[in-house]
Amino acid sequence: MASIDRFALRVQPVAPSTRCADVYDRFSADVDLIAVPVVEEERPVGLVYRAEFEHRLAHAYGRALYEKKPIATLMDPEPLVVERGIAVEALGHLIASDRPSALLRGFIITGEGRYLALGTALSLLQASLVRSEQRSLELEQAYEAADSANRTKSGFLANMSHELRTPLNAIIGFAECMQDEVMGPLPERYKSYAEDILTSGNHLLGMVNDLLDMAKIEAGRYELRENRLRVGDTIDSAVRILGETASRNGVSIVAHREADNDLRLKADERSFRQMLLNLLSNAIKFTEAGGCIEVRSSVATDGELRVEVTDTGIGMSDEHQKIALTPFGQVSVNFDRRYQGTGLGLPLVKSLIELHGGRLEMQSALGQGTRVGLCFPPQRVEGRSADPQSALPAAE
């Protein structure tokens with residue numbers, strides 16, 4: 001927080017013995033000087049207010065001198081004059097930067113050049129308060145509009161995703177029947193077409209499911225169905241599901257089991273598997289042929305479970321990481337089509353782990369691979385005591 005002295009005036013003080021004439025000369029030399037502090041041995045003992053000081057001098061000596069002269073003799077011929085339509089912020093900046101004395105002296109408000117009223121520091125304060133109230137109301141209305149639009153969007157995505165899944169499941173089912181030649185042998189070309197339809201259908205179904213899950217989470221309608229699952233078994237299941245995809249891309253997946261043989265986690269099994277599948281899919285997608293992906297679990301000294309997926313892929317900069325964690329954000333690495341997707345993988349993982357009371361951690365650098373960790377709170381972990389030796393070292 002900024003200290004008030006940062007905005008204060010550095011006014012040279014006077015001693016209690018300073019002559020009034022000297023103080024008067026200082027006020028005369030500086031029309032913006034509002035007051036003069038009186039200090040003795042570096043400690044404040046008083047303050048001379050300009051208006052009161054000049055009033056006392058005028059009362060004692062000035063009336064006889066000026067009472068018969070026109071007021072034009074004593075007026076300020078160049079006061080601050082502003083039009084009635086000036087913004088409160090602009091007026092505040094104008095006074096603060098160019099005419100601070102206007103807070104004490106006042107200023108003139110005009111309408112098309114004609115006098116309307118006298119402005120004061122109180123006028124400026126009241127206008128500022130009204131403007132602040134208006135802004136608060138505008139922000140509240142904008143928030144409500146954005147929240148309503150977000151709910152509408154989430155509802156639309158949920159409905160559309162649900163409607164899309166029904167025909168997709170039918171397409172996938174028929175494609176599987178054709179691929180397995182349930183109704184009889186197919187020409188080789190048509191069998192290849194069936195494989196393409198099945199692959200594309202499953203890919204599209206995966207994207208639709210991600211959309212549906214994200215829409216439910218944003219709408220606050222995603223419910224966790226928790227049970228006690230074996231961490232190692234779920235990791236093995238995810239690795240088996242994507243093992244063939246990794247092999248086709250020339251990438252190896254290694255699951256380290258030393259830490260999770262007896263480890264159980266209270267979690268939504270479908271969500272946990274989905275998080276692992278999304279992390280592994282990303283790792284496969286962004287790892288070149290010949291690369292390696294490792295899946296490792298560990299329990300920290302405080303009982304927190306960490307399940308980490310580490311790859312030797314192309315990595316991401318700090319800026320790219322922020323984009324990747326934003327729903328529908330896609331990192332532009334190059335023009336290779338295989339790097340593109342819906343941009344929901346990591347945001348969905350982040351939302352799911354947070355629904356479990358945990359957090360997502362990510363360390364990555366361009367050309368140095370990526371490590372993403374799912375951190376589950378200690379109260380969800382059971383079946384194994386914390387072992388400091390099993391924990392992965394912190395990222396540098």
# chains A, B, ... in the order shown; residues from 1 in each chain; ligands from 1
$ residues_around --residues "Ala117 (chain A)" --least-positions-apart "6" --cutoff "9 Å" --atoms "only C-alpha atoms" --output "list in words"
Phe107, Ile108, Ile109 and Thr110 of chain A
$ write_last_selection --atoms "N, CA and C atoms" --output "short mmCIF file (atom, residue, chain, number, x, y, z; two decimals), in the first residue's frame"
data_model
loop_
_atom_site.label_atom_id
_atom_site.label_comp_id
_atom_site.auth_asym_id
_atom_site.auth_seq_id
_atom_site.Cartn_x
_atom_site.Cartn_y
_atom_site.Cartn_z
N PHE A 107 -13.48 27.19 -7.54
CA PHE A 107 -13.36 27.33 -9.00
C PHE A 107 -14.74 27.65 -9.55
N ILE A 108 -14.77 28.17 -10.76
CA ILE A 108 -16.02 28.61 -11.37
C ILE A 108 -16.50 27.57 -12.38
N ILE A 109 -17.81 27.28 -12.32
CA ILE A 109 -18.42 26.33 -13.26
C ILE A 109 -19.30 27.12 -14.21
N THR A 110 -19.12 26.86 -15.51
CA THR A 110 -19.89 27.58 -16.53
C THR A 110 -20.69 26.63 -17.40
#
$ residues_around --residues "region 87-96 of chain A" --least-positions-apart "4" --cutoff "9 Å" --atoms "only C-alpha atoms" --output "PyMOL selection string"
chain A and resi 80+82+100-103+124+127-128+131
$ select_by_dssp --residues "region 14-155 of chain A" --states "helix (DSSP H, G or I)" --output "PyMOL selection string"
chain A and resi 20-29+50-66+71-73+88-97+102-105+121-155
$ atom_distance --atom1 "CA of Ser281 (chain A)" --atom2 "CA of Leu242 (chain A)"
7.4 Å
$ atom_distance --atom1 "CA of Lys153 (chain A)" --atom2 "CA of Leu276 (chain A)"
26.9 Å
$ select_by_dssp --residues "region 23-140 of chain A" --states "strand (DSSP E)" --output "list in words"
Ala35, Val36, Pro37, Val38, Val39, Glu40, Arg43, Pro44, Val45, Gly46, Leu47, Val48, Tyr49, Val81, Val82, Glu83, Phe107, Ile108, Ile109, Thr110, Gly111, Arg114, Tyr115, Leu116, Ala117, Leu118 and Gly119 of chain A
$ closest_residue --among "A:Val251, A:Arg359, A:Ala15, A:Lys350" --to "Arg306 (chain A)" --atoms "only C-alpha atoms"
A:Arg359
$ residues_around --residues "Leu280 (chain A)" --least-positions-apart "4" --cutoff "12 Å" --atoms "only C-alpha atoms" --output "CSV table (one decimal) with N, CA and C atoms, in the first residue's frame"
chain,number,residue,atom,x,y,z
A,235,ILE,N,-4.1,-45.7,-12.6
A,235,ILE,CA,-3.0,-45.3,-13.5
A,235,ILE,C,-2.7,-46.3,-14.6
A,236,ASP,N,-2.7,-47.6,-14.2
A,236,ASP,CA,-2.4,-48.7,-15.2
A,236,ASP,C,-3.5,-48.7,-16.3
A,237,SER,N,-4.8,-48.4,-15.8
A,237,SER,CA,-5.9,-48.4,-16.8
A,237,SER,C,-5.7,-47.3,-17.8
A,238,ALA,N,-5.3,-46.1,-17.3
A,238,ALA,CA,-5.2,-45.0,-18.2
A,238,ALA,C,-4.0,-45.2,-19.2
A,239,VAL,N,-2.9,-45.8,-18.7
A,239,VAL,CA,-1.8,-46.1,-19.5
A,239,VAL,C,-2.1,-47.2,-20.6
A,240,ARG,N,-2.9,-48.2,-20.2
A,240,ARG,CA,-3.3,-49.2,-21.2
A,240,ARG,C,-4.2,-48.6,-22.3
A,241,ILE,N,-5.1,-47.7,-21.9
A,241,ILE,CA,-6.0,-47.1,-22.9
A,241,ILE,C,-5.3,-46.3,-23.9
A,242,LEU,N,-4.2,-45.6,-23.5
A,242,LEU,CA,-3.5,-44.7,-24.5
A,242,LEU,C,-2.2,-45.3,-24.9
A,243,GLY,N,-1.9,-46.6,-24.5
A,243,GLY,CA,-0.6,-47.2,-24.9
A,243,GLY,C,-0.5,-47.4,-26.4
A,245,THR,N,-1.9,-45.6,-28.8
A,245,THR,CA,-1.8,-44.3,-29.4
A,245,THR,C,-0.3,-43.8,-29.2
A,246,ALA,N,0.2,-44.0,-28.0
A,246,ALA,CA,1.6,-43.6,-27.8
A,246,ALA,C,2.6,-44.4,-28.7
A,251,VAL,N,6.2,-43.0,-29.0
A,251,VAL,CA,6.5,-42.5,-27.7
A,251,VAL,C,6.3,-43.6,-26.7
A,252,SER,N,7.1,-43.7,-25.7
A,252,SER,CA,7.0,-44.8,-24.6
A,252,SER,C,6.4,-44.2,-23.4
A,253,ILE,N,5.6,-45.0,-22.7
A,253,ILE,CA,5.0,-44.5,-21.4
A,253,ILE,C,5.4,-45.5,-20.3
A,254,VAL,N,6.0,-44.9,-19.2
A,254,VAL,CA,6.5,-45.7,-18.1
A,254,VAL,C,5.7,-45.3,-16.9
A,255,ALA,N,5.1,-46.3,-16.2
A,255,ALA,CA,4.4,-46.0,-15.0
A,255,ALA,C,5.2,-46.6,-13.8
A,273,ARG,N,-9.7,-40.8,-13.6
A,273,ARG,CA,-9.2,-41.4,-14.9
A,273,ARG,C,-9.2,-40.4,-16.0
A,274,GLN,N,-10.3,-39.6,-16.1
A,274,GLN,CA,-10.3,-38.5,-17.1
A,274,GLN,C,-9.2,-37.6,-17.0
A,275,MET,N,-8.8,-37.2,-15.8
A,275,MET,CA,-7.7,-36.3,-15.6
A,275,MET,C,-6.4,-36.9,-16.1
A,276,LEU,N,-6.2,-38.2,-15.8
A,276,LEU,CA,-5.0,-38.9,-16.2
A,276,LEU,C,-5.0,-39.0,-17.7
A,284,ILE,N,1.4,-37.1,-25.0
A,284,ILE,CA,1.7,-37.8,-26.3
A,284,ILE,C,1.6,-36.9,-27.5
A,285,LYS,N,0.7,-36.0,-27.4
A,285,LYS,CA,0.5,-35.0,-28.6
A,285,LYS,C,1.7,-34.1,-28.8
A,286,PHE,N,2.3,-33.7,-27.6
A,286,PHE,CA,3.4,-32.7,-27.7
A,286,PHE,C,4.8,-33.3,-27.5
A,287,THR,N,4.9,-34.7,-27.6
A,287,THR,CA,6.2,-35.3,-27.5
A,287,THR,C,6.5,-36.0,-28.8
A,292,CYS,N,9.8,-39.9,-24.2
A,292,CYS,CA,9.3,-40.7,-23.1
A,292,CYS,C,8.4,-40.0,-22.2
A,293,ILE,N,7.4,-40.7,-21.7
A,293,ILE,CA,6.4,-40.1,-20.7
A,293,ILE,C,6.5,-41.0,-19.5
A,294,GLU,N,6.5,-40.3,-18.3
A,294,GLU,CA,6.6,-41.0,-17.0
A,294,GLU,C,5.4,-40.6,-16.2
A,295,VAL,N,4.8,-41.6,-15.5
A,295,VAL,CA,3.7,-41.4,-14.6
A,295,VAL,C,4.2,-41.9,-13.2
A,307,VAL,N,0.2,-37.1,-8.1
A,307,VAL,CA,0.3,-37.9,-9.2
A,307,VAL,C,0.8,-37.0,-10.4
A,308,GLU,N,2.0,-37.4,-10.9
A,308,GLU,CA,2.6,-36.5,-11.9
A,308,GLU,C,2.9,-37.2,-13.2
A,309,VAL,N,2.6,-36.4,-14.3
A,309,VAL,CA,2.9,-36.9,-15.6
A,309,VAL,C,4.0,-36.0,-16.2
A,310,THR,N,5.1,-36.6,-16.5
A,310,THR,CA,6.3,-35.9,-17.0
A,310,THR,C,6.6,-36.4,-18.4
A,311,ASP,N,6.8,-35.4,-19.3
A,311,ASP,CA,7.2,-35.8,-20.7
A,311,ASP,C,8.5,-35.1,-21.2
A,313,GLY,N,8.7,-33.6,-24.1
A,313,GLY,CA,8.2,-33.0,-25.3
A,313,GLY,C,8.7,-31.6,-25.5
A,345,GLY,N,-8.5,-29.5,-22.5
A,345,GLY,CA,-7.9,-30.6,-21.8
A,345,GLY,C,-7.4,-30.2,-20.4
A,346,LEU,N,-6.5,-29.2,-20.4
A,346,LEU,CA,-5.9,-28.8,-19.1
A,346,LEU,C,-6.9,-28.0,-18.2
A,349,VAL,N,-9.0,-30.5,-16.5
A,349,VAL,CA,-8.2,-31.2,-15.4
A,349,VAL,C,-8.1,-30.3,-14.2
A,370,THR,N,7.5,-31.1,-20.1
A,370,THR,CA,6.5,-30.6,-19.2
A,370,THR,C,6.3,-31.6,-18.1
A,371,ARG,N,6.0,-31.0,-16.9
A,371,ARG,CA,5.6,-31.9,-15.8
A,371,ARG,C,4.4,-31.3,-15.2
A,372,VAL,N,3.3,-32.1,-15.1
A,372,VAL,CA,2.0,-31.7,-14.6
A,372,VAL,C,1.7,-32.6,-13.4
A,373,GLY,N,1.3,-32.0,-12.3
A,373,GLY,CA,1.0,-32.7,-11.1
A,373,GLY,C,-0.4,-32.5,-10.6
$ atom_distance --atom1 "CA of Gln363 (chain A)" --atom2 "CA of Ile323 (chain A)"
14.1 Å
$ residues_around --residues "Asn227 (chain A)" --least-positions-apart "3" --cutoff "9 Å" --atoms "only C-alpha atoms" --output "number ranges by chain"
A: 265-269
$ write_last_selection --atoms "N, CA, C and O atoms" --output "PDB file, in the first residue's frame"
ATOM      1  N   LEU A 265      -7.308 -43.858  -2.716  1.00  0.00           N
ATOM      2  CA  LEU A 265      -7.707 -42.454  -2.802  1.00  0.00           C
ATOM      3  C   LEU A 265      -9.221 -42.373  -2.799  1.00  0.00           C
ATOM      4  O   LEU A 265      -9.897 -43.092  -3.542  1.00  0.00           O
ATOM      5  N   LYS A 266      -9.757 -41.476  -1.972  1.00  0.00           N
ATOM      6  CA  LYS A 266     -11.190 -41.215  -1.986  1.00  0.00           C
ATOM      7  C   LYS A 266     -11.468 -40.174  -3.054  1.00  0.00           C
ATOM      8  O   LYS A 266     -11.146 -38.997  -2.895  1.00  0.00           O
ATOM      9  N   ALA A 267     -12.037 -40.605  -4.178  1.00  0.00           N
ATOM     10  CA  ALA A 267     -12.232 -39.703  -5.306  1.00  0.00           C
ATOM     11  C   ALA A 267     -13.282 -40.266  -6.244  1.00  0.00           C
ATOM     12  O   ALA A 267     -13.728 -41.409  -6.108  1.00  0.00           O
ATOM     13  N   ASP A 268     -13.676 -39.434  -7.196  1.00  0.00           N
ATOM     14  CA  ASP A 268     -14.555 -39.856  -8.285  1.00  0.00           C
ATOM     15  C   ASP A 268     -13.680 -40.578  -9.303  1.00  0.00           C
ATOM     16  O   ASP A 268     -12.821 -39.966  -9.944  1.00  0.00           O
ATOM     17  N   GLU A 269     -13.890 -41.891  -9.450  1.00  0.00           N
ATOM     18  CA  GLU A 269     -12.994 -42.692 -10.285  1.00  0.00           C
ATOM     19  C   GLU A 269     -13.012 -42.234 -11.741  1.00  0.00           C
ATOM     20  O   GLU A 269     -11.966 -42.147 -12.385  1.00  0.00           O
TER      21      GLU A 269
END
$ residues_around --residues "region 20-29 of chain A" --least-positions-apart "2" --cutoff "8 Å" --atoms "only C-alpha atoms" --output "ChimeraX atom specification"
/A:18,31,33,36,50,54
$ closest_residue --among "A:Leu186, A:Met362, A:Val39, A:Leu168" --to "His320 (chain A)" --atoms "only C-alpha atoms"
A:Met362
